[in-house]
file target_17.txt (compact mmCIF, C-alpha atoms)
# COMPACT_ATOMS: atom_id res chain seq x y z
CA MET A 10 32.56 21.87 -21.54
CA TYR A 11 31.99 25.59 -21.62
CA MET A 12 34.44 26.58 -24.31
CA PHE A 13 33.31 30.23 -24.34
CA LEU A 14 34.36 30.81 -20.69
CA PRO A 15 38.07 31.67 -21.31
CA PHE A 16 37.04 34.14 -24.04
CA LEU A 17 34.54 35.70 -21.63
CA THR A 18 37.12 36.06 -18.82
CA ALA A 19 39.71 37.41 -21.29
CA PHE A 20 37.19 39.98 -22.55
CA ILE A 21 36.29 41.07 -19.01
CA GLY A 22 40.01 41.31 -18.16
CA LEU A 23 40.75 43.40 -21.26
CA VAL A 24 37.96 45.84 -20.36
CA LEU A 25 39.45 46.11 -16.85
CA VAL A 26 42.92 46.75 -18.32
CA TRP A 27 41.45 49.41 -20.63
CA PHE A 28 40.37 51.27 -17.48
CA GLU A 29 43.87 50.63 -16.02
CA LYS A 30 42.77 48.16 -13.33
CA ARG A 31 46.09 46.30 -13.60
CA LEU A 32 45.81 43.97 -10.61
CA ALA A 33 42.21 43.00 -11.40
CA GLY A 34 43.26 42.41 -15.01
CA LEU A 35 46.14 40.17 -13.92
CA ILE A 36 43.81 38.14 -11.66
CA VAL A 37 41.31 37.62 -14.50
CA LEU A 38 44.22 36.73 -16.82
CA ALA A 39 45.33 34.06 -14.32
CA ILE A 40 41.75 32.70 -14.24
CA THR A 41 41.76 32.58 -18.08
CA LEU A 42 45.04 30.66 -18.14
CA ALA A 43 43.85 28.25 -15.42
CA THR A 44 40.60 27.61 -17.33
CA LEU A 45 42.58 26.89 -20.50
CA LEU A 46 44.79 24.44 -18.59
CA VAL A 47 41.78 22.63 -17.09
CA TRP A 48 40.00 22.47 -20.46
CA PHE A 49 43.13 21.09 -22.10
CA ARG A 50 43.58 18.48 -19.40
CA PHE A 51 39.93 17.45 -19.79
CA HIS A 52 40.30 17.20 -23.56
CA ALA A 53 43.60 15.32 -23.37
CA THR A 54 42.44 12.73 -20.85
CA ASP A 55 38.67 12.20 -20.64
CA HIS A 56 37.26 13.70 -23.79
CA LEU A 57 39.09 11.79 -26.52
CA ASN A 58 40.01 8.95 -24.19
CA ILE A 59 43.63 9.20 -25.27
CA SER A 60 46.22 9.15 -22.53
CA LEU A 61 49.22 11.46 -22.85
CA MET B 2 46.80 34.75 -36.42
CA LEU B 3 43.44 35.44 -34.76
CA SER B 4 42.17 37.61 -37.59
CA TYR B 5 43.20 35.09 -40.27
CA ALA B 6 41.46 32.34 -38.26
CA PHE B 7 38.32 34.48 -38.50
CA VAL B 8 38.75 34.91 -42.26
CA ASP B 9 39.02 31.13 -42.61
CA GLN B 10 35.94 30.66 -40.42
CA LEU B 11 33.70 33.30 -41.99
CA TYR B 12 34.87 33.36 -45.62
CA PHE B 13 35.80 29.70 -46.17
CA GLY B 14 33.17 28.38 -43.73
CA GLU B 15 35.54 26.17 -41.73
CA LEU B 16 34.38 25.94 -38.11
CA PRO B 17 37.08 25.70 -35.40
CA CYS B 18 37.40 22.43 -33.44
CA PRO B 19 37.77 22.46 -29.61
CA LEU B 20 41.58 22.21 -29.81
CA CYS B 21 41.60 25.03 -32.40
CA LEU B 22 39.57 27.20 -29.98
CA MET B 23 42.07 26.44 -27.20
CA GLN B 24 44.92 27.55 -29.48
CA ARG B 25 43.05 30.79 -30.11
CA ILE B 26 42.79 31.30 -26.33
CA GLY B 27 46.59 30.91 -26.07
CA PHE B 28 47.05 33.72 -28.61
CA VAL B 29 44.47 35.81 -26.74
CA ILE B 30 46.49 35.39 -23.50
CA ILE B 31 49.71 36.57 -25.20
CA GLY B 32 47.84 39.54 -26.72
CA PHE B 33 46.32 40.32 -23.31
CA THR B 34 49.80 40.68 -21.79
CA LEU B 35 50.87 43.04 -24.60
CA VAL B 36 47.74 45.13 -23.96
CA LEU B 37 48.75 45.21 -20.27
CA ASN B 38 52.14 46.61 -21.36
CA ILE B 39 50.53 49.29 -23.52
CA ARG B 40 47.91 50.38 -20.96
CA CYS B 41 49.79 49.93 -17.66
CA GLY B 42 53.51 50.03 -18.63
CA ALA B 43 56.04 47.23 -19.13
CA HIS B 44 56.43 44.81 -16.25
CA SER B 45 58.27 41.50 -16.06
CA SER B 46 55.14 39.77 -14.70
CA HIS B 47 53.28 40.67 -17.92
CA TYR B 48 55.93 38.86 -19.96
CA GLY B 49 55.84 35.95 -17.51
CA TRP B 50 52.10 35.46 -17.99
CA GLY B 51 52.55 35.78 -21.75
CA ILE B 52 55.22 33.06 -21.73
CA LEU B 53 52.98 30.77 -19.63
CA GLY B 54 50.04 31.32 -22.02
CA GLY B 55 52.33 30.69 -25.00
CA LEU B 56 53.61 27.44 -23.47
CA VAL B 57 50.08 26.13 -22.84
CA GLY B 58 49.01 27.09 -26.36
CA MET B 59 52.12 25.42 -27.73
CA MET B 60 51.22 22.20 -25.85
CA VAL B 61 47.71 22.28 -27.35
CA SER B 62 48.98 22.80 -30.90
CA LEU B 63 51.65 20.13 -30.48
CA ARG B 64 49.02 17.69 -29.26
CA GLN B 65 46.94 18.33 -32.37
CA VAL B 66 50.02 17.83 -34.55
CA PHE B 67 50.62 14.49 -32.78
CA LEU B 68 46.98 13.43 -33.31
CA HIS B 69 47.54 13.64 -37.08
CA ILE B 70 51.18 12.59 -37.30
CA LEU B 71 50.66 9.03 -38.61
CA PRO B 72 51.63 8.47 -42.26
CA GLY B 73 48.61 8.72 -44.54
CA ASP B 74 46.62 10.94 -42.14
CA LYS B 75 45.08 13.84 -44.07
CA GLY B 76 45.08 16.08 -40.99
CA PHE B 77 42.25 18.33 -39.81
CA GLY B 78 40.91 21.15 -41.94
CA LYS B 79 42.43 23.10 -44.78
CA THR B 80 46.10 23.95 -45.27
CA PHE B 81 47.83 27.29 -45.70
CA LEU B 82 51.20 27.28 -47.54
CA GLU B 83 51.22 23.46 -47.25
CA LEU B 84 50.93 23.47 -43.45
CA HIS B 85 47.79 22.91 -41.37
CA PHE B 86 46.60 25.72 -39.13
CA TYR B 87 47.57 23.90 -35.92
CA THR B 88 51.12 23.52 -37.27
CA TRP B 89 51.14 27.24 -38.06
CA ALA B 90 49.91 27.86 -34.50
CA TYR B 91 52.95 25.96 -33.18
CA VAL B 92 55.25 28.04 -35.40
CA GLY B 93 53.45 31.20 -34.27
CA TYR B 94 53.82 30.34 -30.58
CA THR B 95 57.54 29.63 -31.10
CA GLY B 96 58.01 33.03 -32.75
CA LEU B 97 55.98 34.84 -30.09
CA LEU B 98 57.87 33.18 -27.22
CA MET B 99 61.16 34.17 -28.86
CA GLY B 100 59.80 37.69 -29.23
CA LEU B 101 58.83 37.83 -25.55
CA ALA B 102 62.31 36.58 -24.57
CA ILE B 103 63.93 39.33 -26.68
CA LEU B 104 61.58 41.96 -25.20
CA LEU B 105 62.66 40.82 -21.71
CA MET B 106 66.32 41.40 -22.66
CA LEU B 107 65.71 44.98 -23.85
CA PRO B 108 65.99 47.89 -21.42
CA ASN B 109 62.70 48.40 -19.59
CA ARG B 110 61.70 51.53 -21.45
CA ASP B 111 58.36 53.20 -20.97
CA VAL B 112 56.11 51.47 -23.49
CA ARG B 113 52.95 52.93 -22.00
CA SER B 114 51.12 54.72 -24.76
CA ARG B 115 47.91 56.71 -25.16
CA SER B 116 48.45 57.51 -28.83
CA TRP B 117 45.56 56.98 -31.24
CA PHE B 118 47.56 54.20 -32.94
CA ALA B 119 48.01 52.27 -29.66
CA ASN B 120 44.35 52.83 -28.74
CA ILE B 121 43.14 51.57 -32.13
CA LEU B 122 45.35 48.47 -31.84
CA VAL B 123 43.97 47.70 -28.37
CA ILE B 124 40.36 48.30 -29.47
CA ILE B 125 40.80 46.01 -32.52
CA PHE B 126 42.20 43.30 -30.24
CA ILE B 127 39.33 43.66 -27.74
CA LEU B 128 36.83 43.44 -30.63
CA LEU B 129 38.60 40.30 -31.90
CA VAL B 130 38.23 38.68 -28.47
CA LEU B 131 34.56 39.75 -28.34
CA GLY B 132 34.07 38.27 -31.83
CA ASN B 133 35.64 35.01 -30.70
CA LEU B 134 33.36 34.95 -27.66
CA ALA B 135 30.28 35.48 -29.85
CA SER B 136 31.34 32.95 -32.50
CA THR B 137 32.13 30.29 -29.86
CA LEU B 138 28.72 30.82 -28.25
CA LEU B 139 27.02 30.58 -31.66
CA GLU B 140 29.04 27.49 -32.59
CA CYS B 141 28.82 25.49 -29.35
CA GLY B 142 26.07 27.18 -27.34
CA ILE B 143 26.68 26.69 -23.64
CA GLY B 144 27.26 22.94 -24.00
CA PRO B 145 30.25 20.95 -25.25
CA CYS B 146 31.66 21.68 -28.71
CA ALA B 147 31.49 19.01 -31.40
CA ASP B 148 34.86 17.38 -32.20
CA ASP B 149 34.35 18.01 -35.90
CA PRO B 150 31.89 20.92 -36.02
CA VAL B 151 29.93 21.45 -39.23
CA LYS B 152 27.17 23.78 -38.08
CA TYR B 153 26.52 26.63 -35.62
CA GLU B 154 24.67 24.61 -32.98
CA GLY B 155 24.21 27.54 -30.59
CA TRP B 156 22.71 29.63 -33.40
CA LEU B 157 20.36 26.77 -34.38
CA TRP B 158 19.31 26.39 -30.73
CA LEU B 159 18.59 30.14 -30.52
CA ARG B 160 16.51 30.00 -33.71
CA SER B 161 14.46 27.05 -32.52
CA TYR B 162 14.02 28.58 -29.03
CA PHE B 163 12.83 32.00 -30.22
CA GLY B 164 11.23 30.68 -33.43
CA PHE B 165 12.84 32.83 -36.14

call {"tool": "encode", "arguments": {"input": "target_17.txt", "output": "C-alpha cells"}}
result
Amino acid sequence: MYMFLPFLTAFIGLVLVWFEKRLAGLIVLAITLATLLVWFRFHATDHLNISL
Amino acid sequence: MLSYAFVDQLYFGELPCPLCLMQRIGFVIIGFTLVLNIRCGAHSSHYGWGILGGLVGMMVSLRQVFLHILPGDKGFGKTFLELHFYTWAYVGYTGLLMGLAILLMLPNRDVRSRSWFANILVIIFILLVLGNLASTLLECGIGPCADDPVKYEGWLWLRSYFGF
C-alpha cells in the first residue's frame, strides 16, 4: 500500500492552486479523496481482516 | 492538528500508524479546500469537497476508536488531555464540518486574498503537506506501512542502499 500517494497528489494539487489552476487543483483533489477512500476500504476489509 | 501531530512524531518519537496517516490526509483535504477559497475565491464546490474529505476522515477516526473500544483496551499511542489522538481527530472533524456548514450559510463574500498573511498561511500549509509526504516516505518507504511502526523503514532502506 503506497501510503505516501495521497500526500503526493495533495502537494501537487496545492502547487497547482498556488498558481491559480483551479480546475486542475479540483481534479487532483478528487484523486486524493478517491485514493483515501480506496486505501481505507483496503485497510478496513483485507488488511486487518476485520469486516465492517 | 497536523502541526501537533508532527510535534508528537518528531519530539516524542511516536510514529503514525496507517490509520493515523489516513486521518492526516482527511485534514489535508479540508485544508486544501480552504486554500482553494483563499487563492481562487469562495465556491460552494470547495466546501462540498471539504465536507466529503471530512466525512471520510471521520469514518477513519471512528473506525480506530471502535478498534480500541473494548473495556480494558489501552488504546493506541499516547493521550492528550485524557483522549487518544484518533479520538481528538474525530472531535476535530466534527468541529471542522460544523465550521464548513456555518461558512456555507454566510453570504458568499470575496474571501480571495493576496495579503502577506494569507500567503504565509498557505505556504505553511503547503510545507506541512510536503513534510508529511517526506515523513511518510521515510517511515514506510514505497511499500506497505507497519501496523505498529517503531522505526523509519524507508530511511533505513535508503541508508543500506546508499551505504551511509

call {"tool": "residues_around", "arguments": {"input": "target_17.txt", "residues": "B:Ile124", "least_positions_apart": "5", "cutoff": "12 Å", "atoms": "all atoms listed in the file", "output": "list in words"}}
result
Phe20, Leu23, Val24, Val26 and Trp27 of chain A; Gly32, Phe33, Val36, Ile39, Arg40, Trp117, Phe118, Ala119, Leu129, Val130 and Leu131 of chain B

call {"tool": "closest_residue", "arguments": {"input": "target_17.txt", "among": "B:Val92, B:Asp111, B:Gly42, B:Glu83", "to": "chain A", "atoms": "all atoms listed in the file"}}
result
B:Gly42

call {"tool": "residues_around", "arguments": {"input": "target_17.txt", "residues": "B:Gly132", "least_positions_apart": "6", "cutoff": "10 Å", "atoms": "only C-alpha atoms", "output": "ChimeraX atom specification"}}
result
/A:16,20 /B:4,7,126,138

call {"tool": "closest_atom_pairs", "arguments": {"input": "target_17.txt", "of": "chain B", "to": "chain A", "cutoff": "8 Å", "atoms": "all atoms listed in the file", "output": "JSON lines"}}
result
{"residue": "B:Pro19", "atom": "CA", "partner": "A:Met12", "partner_atom": "CA", "distance": 7.5}
{"residue": "B:Leu20", "atom": "CA", "partner": "A:Phe49", "partner_atom": "CA", "distance": 7.9}
{"residue": "B:Leu22", "atom": "CA", "partner": "A:Met12", "partner_atom": "CA", "distance": 7.7}
{"residue": "B:Met23", "atom": "CA", "partner": "A:Leu45", "partner_atom": "CA", "distance": 6.7}
{"residue": "B:Ile26", "atom": "CA", "partner": "A:Phe16", "partner_atom": "CA", "distance": 6.8}
{"residue": "B:Gly27", "atom": "CA", "partner": "A:Leu45", "partner_atom": "CA", "distance": 8.0}
{"residue": "B:Val29", "atom": "CA", "partner": "A:Ala19", "partner_atom": "CA", "distance": 7.4}
{"residue": "B:Ile30", "atom": "CA", "partner": "A:Leu38", "partner_atom": "CA", "distance": 7.2}
{"residue": "B:Phe33", "atom": "CA", "partner": "A:Leu23", "partner_atom": "CA", "distance": 6.7}
{"residue": "B:Val36", "atom": "CA", "partner": "A:Val26", "partner_atom": "CA", "distance": 7.6}
{"residue": "B:Leu37", "atom": "CA", "partner": "A:Val26", "partner_atom": "CA", "distance": 6.3}
{"residue": "B:Arg40", "atom": "CA", "partner": "A:Glu29", "partner_atom": "CA", "distance": 6.4}
{"residue": "B:Cys41", "atom": "CA", "partner": "A:Glu29", "partner_atom": "CA", "distance": 6.2}
{"residue": "B:Trp50", "atom": "CA", "partner": "A:Ala39", "partner_atom": "CA", "distance": 7.8}
{"residue": "B:Gly54", "atom": "CA", "partner": "A:Leu42", "partner_atom": "CA", "distance": 6.4}
{"residue": "B:Val57", "atom": "CA", "partner": "A:Leu46", "partner_atom": "CA", "distance": 7.0}
{"residue": "B:Val61", "atom": "CA", "partner": "A:Phe49", "partner_atom": "CA", "distance": 7.1}
{"residue": "B:Ile127", "atom": "CA", "partner": "A:Leu23", "partner_atom": "CA", "distance": 6.6}
{"residue": "B:Val130", "atom": "CA", "partner": "A:Phe20", "partner_atom": "CA", "distance": 6.1}
{"residue": "B:Leu131", "atom": "CA", "partner": "A:Phe20", "partner_atom": "CA", "distance": 6.4}
{"residue": "B:Asn133", "atom": "CA", "partner": "A:Phe16", "partner_atom": "CA", "distance": 6.9}
{"residue": "B:Leu134", "atom": "CA", "partner": "A:Phe16", "partner_atom": "CA", "distance": 5.2}
{"residue": "B:Thr137", "atom": "CA", "partner": "A:Phe13", "partner_atom": "CA", "distance": 5.6}
{"residue": "B:Leu138", "atom": "CA", "partner": "A:Phe13", "partner_atom": "CA", "distance": 6.1}
{"residue": "B:Cys141", "atom": "CA", "partner": "A:Met12", "partner_atom": "CA", "distance": 7.6}
{"residue": "B:Ile143", "atom": "CA", "partner": "A:Tyr11", "partner_atom": "CA", "distance": 5.8}
{"residue": "B:Gly144", "atom": "CA", "partner": "A:Tyr11", "partner_atom": "CA", "distance": 5.9}
{"residue": "B:Pro145", "atom": "CA", "partner": "A:Met10", "partner_atom": "CA", "distance": 4.5}
{"residue": "B:Cys146", "atom": "CA", "partner": "A:Met12", "partner_atom": "CA", "distance": 7.1}

call {"tool": "closest_residue", "arguments": {"input": "target_17.txt", "among": "B:Leu68, B:Glu140, B:Leu104, B:Ser114", "to": "B:Leu11", "atoms": "all atoms listed in the file"}}
result
B:Glu140

call {"tool": "closest_residue", "arguments": {"input": "target_17.txt", "among": "B:Ala135, B:Phe86, B:His44, B:Thr95", "to": "B:Tyr5", "atoms": "only C-alpha atoms"}}
result
B:Phe86

call {"tool": "atom_distance", "arguments": {"input": "target_17.txt", "atom1": "atom CA of B:Leu97", "atom2": "atom CA of B:Leu35"}}
result
11.1 Å

call {"tool": "atom_distance", "arguments": {"input": "target_17.txt", "atom1": "atom CA of A:Val47", "atom2": "atom CA of B:Leu16"}}
result
22.5 Å

call {"tool": "atom_distance", "arguments": {"input": "target_17.txt", "atom1": "atom CA of B:Trp89", "atom2": "atom CA of B:Met2"}}
result
8.8 Å

call {"tool": "closest_residue", "arguments": {"input": "target_17.txt", "among": "B:Arg115, B:His47, B:Arg64, B:Arg110", "to": "A:Thr54", "atoms": "only C-alpha atoms"}}
result
B:Arg64

call {"tool": "axis_aligned_box", "arguments": {"input": "target_17.txt", "around": "stretch 39-52 of chain A", "padding_each_side": "3 Å", "output": "lines of an AutoDock Vina configuration file"}}
result
center_x = 42.6
center_y = 25.6
center_z = -18.9
size_x = 11.4
size_y = 22.9
size_z = 15.3

call {"tool": "decode", "arguments": {"input": "target_17.txt", "residues": "stretch 134-159 of chain B", "atoms": "N, CA and C atoms", "output": "tab-separated table (two decimals), in the first residue's frame"}}
result
chain	number	residue	atom	x	y	z
B	134	LEU	N	4.55	14.26	3.40
B	134	LEU	CA	4.96	13.39	2.29
B	134	LEU	C	6.34	12.81	2.57
B	135	ALA	N	7.27	13.67	3.00
B	135	ALA	CA	8.64	13.20	3.27
B	135	ALA	C	8.66	12.22	4.44
B	136	SER	N	7.93	12.54	5.51
B	136	SER	CA	7.98	11.67	6.68
B	136	SER	C	7.32	10.32	6.39
B	137	THR	N	6.26	10.31	5.56
B	137	THR	CA	5.62	9.04	5.22
B	137	THR	C	6.55	8.19	4.36
B	138	LEU	N	7.27	8.84	3.43
B	138	LEU	CA	8.23	8.09	2.61
B	138	LEU	C	9.36	7.53	3.48
B	139	LEU	N	9.83	8.33	4.45
B	139	LEU	CA	10.91	7.86	5.32
B	139	LEU	C	10.43	6.77	6.26
B	140	GLU	N	9.14	6.84	6.65
B	140	GLU	CA	8.62	5.85	7.59
B	140	GLU	C	8.30	4.52	6.90
B	141	CYS	N	7.64	4.60	5.73
B	141	CYS	CA	7.13	3.38	5.10
B	141	CYS	C	7.88	3.03	3.83
B	142	GLY	N	8.71	3.93	3.31
B	142	GLY	CA	9.30	3.67	2.00
B	142	GLY	C	8.20	3.69	0.95
B	143	ILE	N	8.36	2.87	-0.09
B	143	ILE	CA	7.30	2.81	-1.09
B	143	ILE	C	6.49	1.53	-0.93
B	144	GLY	N	6.68	0.81	0.18
B	144	GLY	CA	5.91	-0.41	0.44
B	144	GLY	C	4.82	-0.13	1.45
B	145	PRO	N	4.21	-1.21	1.98
B	145	PRO	CA	3.16	-1.02	2.99
B	145	PRO	C	3.73	-0.54	4.32
B	146	CYS	N	2.92	0.23	5.05
B	146	CYS	CA	3.35	0.72	6.37
B	146	CYS	C	3.10	-0.37	7.41
B	147	ALA	N	3.97	-0.41	8.43
B	147	ALA	CA	3.75	-1.36	9.52
B	147	ALA	C	2.54	-0.93	10.34
B	148	ASP	N	1.78	-1.91	10.87
B	148	ASP	CA	0.60	-1.58	11.67
B	148	ASP	C	0.98	-0.83	12.94
B	149	ASP	N	2.09	-1.22	13.54
B	149	ASP	CA	2.56	-0.55	14.75
B	149	ASP	C	4.01	-0.13	14.53
B	150	PRO	N	4.21	0.96	13.78
B	150	PRO	CA	5.57	1.31	13.36
B	150	PRO	C	6.44	1.75	14.53
B	151	VAL	N	7.68	1.27	14.54
B	151	VAL	CA	8.62	1.67	15.60
B	151	VAL	C	9.89	2.26	15.01
B	152	LYS	N	10.09	2.12	13.71
B	152	LYS	CA	11.29	2.69	13.10
B	152	LYS	C	11.00	3.21	11.70
B	153	TYR	N	11.90	4.12	11.23
B	153	TYR	CA	11.74	4.69	9.88
B	153	TYR	C	12.30	3.70	8.87
B	154	GLU	N	11.44	2.82	8.35
B	154	GLU	CA	11.91	1.75	7.47
B	154	GLU	C	12.43	2.28	6.14
B	155	GLY	N	11.78	3.32	5.60
B	155	GLY	CA	12.23	3.91	4.35
B	155	GLY	C	13.62	4.52	4.50
B	156	TRP	N	13.85	5.19	5.63
B	156	TRP	CA	15.14	5.80	5.92
B	156	TRP	C	16.21	4.73	6.06
B	157	LEU	N	15.88	3.62	6.76
B	157	LEU	CA	16.84	2.52	6.93
B	157	LEU	C	17.16	1.88	5.58
B	158	TRP	N	16.14	1.76	4.71
B	158	TRP	CA	16.36	1.20	3.37
B	158	TRP	C	17.30	2.10	2.57
B	159	LEU	N	17.06	3.43	2.67
B	159	LEU	CA	17.93	4.39	1.96
B	159	LEU	C	19.37	4.27	2.43
